[in-house]
Amino acid sequence: MSRYAAAEIEAKWQEAWDKANVFRAERSADKPKYYVLEMFPYPSGRIHMGHVRNYTMGDVIARHRLATGHNVLHPMGWDAFGMPAENAAMAIGGHPKEWTYGNIADMRAQMKPLGLSIDWTREFATCDPEYYGQQQALFLDFLEKGLVYRKNAVVNWDPVDMTVLANEQVIDGKGWRSGADVEKRELTQWFFKISDFSEELLEALDGLDNWPAKVRLMQENWIGKSRGIEIPFQRKDGGDPIVCYSTRPDTMRGASFIAISPEHPVSRALAEDNAELATFIAETRKMDTTEAAMEKAEKKGIETGITVQHPVYPDQTLPVWVGNFVLMDYGTGAVFGCPAHDQRDLDFARKYDLPVRNAFYMPGQEIEVENEALVPAKTEPVVFIDHFAGIKDVTSQDAIDNTIDYFEEHNLGKGQVKYRLRDWGLSRQRYWGCPIPVVHCDACGVVPEAKENLPVVLPDDVTFDVPGNPLDRHPTWRDCTCPKCGAAAKRETDTMDTFVDSSWYFARFTSPDAATPTNAEDAAYWMNVDQYIGGIEHAILHLLYSRFFARAMHICGHLPESAKEPFDALFTQGMVTHEIYQTRDANGRPVYHLPEDITDGKLADGTEVEIIPSAKMSKSKKNVVDPVSIISAYGADTARWFVLSDSPPERDVEWTASGAEAAFKHLSRVHRICAEIATSSDAASPEADEQLLREMHKAIHDVTGGVESFGFNAAIAKLYGFTNTLAKSKAGAAAKQQAAKTLAQLMSPMTPHLSEELWQTLGGEGMVIHAPWPVADEAMLKDDTVTLPIQINGKRRAEISVSPDMPKDEVEKLAMTQDAVIKALDGAQPKKVIVVPGRIVNVVI
RNA sequence: GCGGGCGUGAUGGAAUGGUAGACAUAUCGGACUUAAAAUCCGAAGGCCUUAGUGCCGUGUGGGUUCGAGUCCCACCGCCCGCACCA
């Protein structure tokens with residue numbers, strides 16, 4: 001009997017699929033379409049287990065849909081622009097373009113052996129001029145519709161390398177290469193007007209029923225709609241009032257200071273003749289621009305000397321401070337501080353000895369705030385002290401509403417709805433990205449490039465021996481003529497954020513060769529993406545940007561109205577993790593070791609290694625397993641089977657050598673069992689046949705359910721069980737062959753090559769990929785008897801075996817005859833008996 | 001810091017509010033073998049001088065419920081995101 005020769009089987013069936021052109025997606029009216037998409041990879045050069053897991057999941061869905069009669073679109077491409085290519089060029093020389101296309105070729109070669117059901121004819125990379133040229137066309141359309149504009153924004157500036165740094169390149173406030181203190185610099189940059197869509201993007205979340213609730217919630221919080229109020233505070237020195245924005249005007253009575261942003265016009269004006277303040281503002285500008293860093297940084301302030309009047313209690317005077325924690329981007333760049341009811345304000349007040357005044361307290365306990373701010377939930381009732389709007393015992397939410405009304409009635413302020421969502425800055429001062437297609441003309445100003453001049457192609461003759469954007473120093477690339485007046489002009493040298501590239505690639509896959517960004521018929525037919533799969537790390541930005549882009553593309557006529565929400569269903573999968581093996585060098589610094597160098601917790605020379613629990617696979621920790629070596633050792637089906645087993649897809653899965661070995665052994669076993677069954681001539685056995693077929697229908701039911709609901713691990717557990725049943729069954733050859741063919745089919749989304757081989761061995765007709773998905777017979781799913789546990793006061797004490805249809809009162813009667821029940825009751829009547837048919841009986845005493 | 005998530009045997013994990021630990025790994029025992037590998041069969045959450053229809057047990061502490069791994073509150077730990085990483 002032949003062994004399970006994965007390499008041979010896999011090559012053979014991949015060729016057969018190619019020949020039959022099974023994965024080619026063409027529009028068709030006779031079948032329902034199904035578009036399944038996994039987030040496309042960045043071409044780093046090597047595929048990793050995370051890719052294998054992600055693409056295998058998508059492949060299971062795609063192959064299952066194929067088997068259920070759908071016209072499936074399952075494309076693949078490359079998110080190919082970005083910093084790593086430039087970093088590689090700087091570190092090892094070469095050109096980002098060569099590096100990137102070389103990596104794509106390598107990764108494609110590593111991916112193909114997985115046997116994914118991908119229509120490779122639709123493949124593209126975002127760095128192809130054919131793709132980014134259409135992206136430039138989109139940009140021009142957006143510009144025309146007022147969806148893009150220019151404004152000033154700050155960037156991280158490395159004063160030594162004379163270059164703009166990404167947040168990732170700023171480490172503890174210093175440039176990652178130069179180590180110099182990073183400064184902030186203001187540049188004129190392009191922005192997408194995503195904030196115009198705040199309300200729409202928020203409201204439409206409700207309709208995304210097939211998105212994880214957590215992602216919708218994260219997006220809701222990110223958009224951050226708040227109802228608040230703008231309150232002008234009159235300056236005692238007669239200057240323009242300082243307008244504060246607050247979402248908690250119910251705390252007004254406790255206001256004891258005003259804090260304004262260092263970038264606030266008042267701060268800037270004062271700094272001109274206040275050296276101390278100027279220094280403070282300069283210091284603040286050195287802070288990381290990330291929100292996380294701002295929030296974690298020590299809250300500092302400096303008093304301006306300006307005072308304002310409390311709008312409701314005119315005898316109260318509040319000092320105005322400049323605070324490093326106030327963001328100019330949000331609200332009005334000024335807030336009032338209420339230390340009693342806000343922890344940050346309280347810490348600030350304690351630090352600078354500012355007064356702490358309660359606005360309210362909890363009913364029944366009049367607490368003075370000490371070191372912990374009193375912040376009740378908005379729905380909790382509180383007692384207001386001396387409140388101007390005449391409210392006493394109400395919830396904070398009611399108090400907020402009343403206060404806003406009161407302020408509006410008395411002309412003291414204006415209710416305002418605000419969103420946290422900011423416009424999307426897309427300008428990047430880098431070479432390896434999509435050029436922004438505009439020119440700067442001395443006479444006409446900023447002029448969009450003419451569409452017939454697209455694509456604006458990146459020049460190849462650039463060098464990376466010095467930092468900064470090579471486009472800036474290119475001798476001729478910038479030179480162009482103004483599309484408006486024909487005079488000599490200069491190209492924009494900024495390129496687009498790589499998030500732009502990934503915000504519409506899903507639409508481009510519907511017609512990758514179209515001469516416009518999309519083809520209307522193809523987009524109408526294939527959109528939306530029926531199932532999108534990717535990492536939870538993209539829960540906010542990528543998905544929100546894509547939702548915005550779909551709307552903007554609709555406005556410009558590139559997508560139908562129905563594609564405004566481009567992803568019908570979203571699934572966020574977990575990572576592949578691995579243990580970390582570590583030893584220490586002479587200086588006590590950690591040294592990491594590759595898993596393949598470890599045997600029984602030891603290195604080849606016998607040195608014991610420290611085992612650190614599972615963590616995300618990363619090159620620096622060396623806890624990586626190369627899919628290529630796994631595939632050559634065991635085959636793609638084993639790798640696919642393993643990444644789907646054990647862990648639920650949304651959670652992390654730990655790669656273990658023993659697990660991979662076990663997956664291989666199992667597939668070998670299935671191969672062997674099926675080969676035996678194929679040649680078996682056992683006579684039929686009515687009882688055993690019936691039993692096997694019942695189990696087969698249960699397996700069809702459970703595996704189908706698992707595949708359709710992302711319960712791949714559960715589906716695989718069921719397949720293990722069914723394989724055992726089949727192996728032990730005393731059924732006749734015919735029943736066994738039927739069961740084995742079904743097993744091959746049920747496994748085919750996960751182990752497509754092996755399934756084809758088994759199907760052929762068992763005499764199945766054609767290829768399993770063309771066989772319709774089996775359907776479970778409902779009548780075969782019911783058991784004759786069920787075991788009901790009997791609980792007494794919630795603790796299991798006995799069990800009875802009954803027909804699933806036995807009426808409730810009969811089940812109760814039978815339960816009462818059980819020894820354990822009689823003993824526990826001791827002649828008394830039970831307080832209550834709960835019978836859940838088919839589930840449980842609980843006797844309450 | 002803020003927003004979101006997760007926490008179950010030695011390990012990965014299963015479990016529409018209804019028998020906690022399915023399935024798998026590692027481990028141990030047995031069969032087969034001259035031997036090993038492979039294969040097959042089986043044991044197994046913890047506790048106990050009472051081995052039971054016993055007690056305890058799903059990060060910690062409370063709560064709701066006839067019944068909680070599951071729902072609610074608080075805390076602890078870990079993970080993801082925080083707008084120029086992709």
# chains A, B, ... in the order shown; residues from 1 in each chain; ligands from 1
$ interface_residues --of "chain A" --to "chain B" --cutoff "8 Å" --atoms "only C-alpha atoms (C1' of nucleotides)" --output "count of residues only"
57
$ select_by_dssp --residues "region 62-213 of chain A" --states "strand (DSSP E or B)" --output "number ranges by chain"
A: 71-73, 78, 125, 148-158, 163-165, 170-171, 174-175, 181, 183-192, 210
$ closest_residue --among "A:Gly838, A:Ser645, A:Val775, A:Leu743" --to "His701 (chain A)" --atoms "only C-alpha atoms"
A:Val775
$ residues_around --residues "region 178-193 of chain A" --least-positions-apart "6" --cutoff "6 Å" --atoms "only C-alpha atoms (C1' of nucleotides)" --output "count of residues only"
19
$ residues_around --residues "C76 (chain B)" --least-positions-apart "6" --cutoff "12 Å" --atoms "only C-alpha atoms (C1' of nucleotides)" --output "list in words"
G7, G59, U60 and G61 of chain B
$ atom_distance --atom1 "CA of Ala636 (chain A)" --atom2 "CA of Val670 (chain A)"
15.7 Å
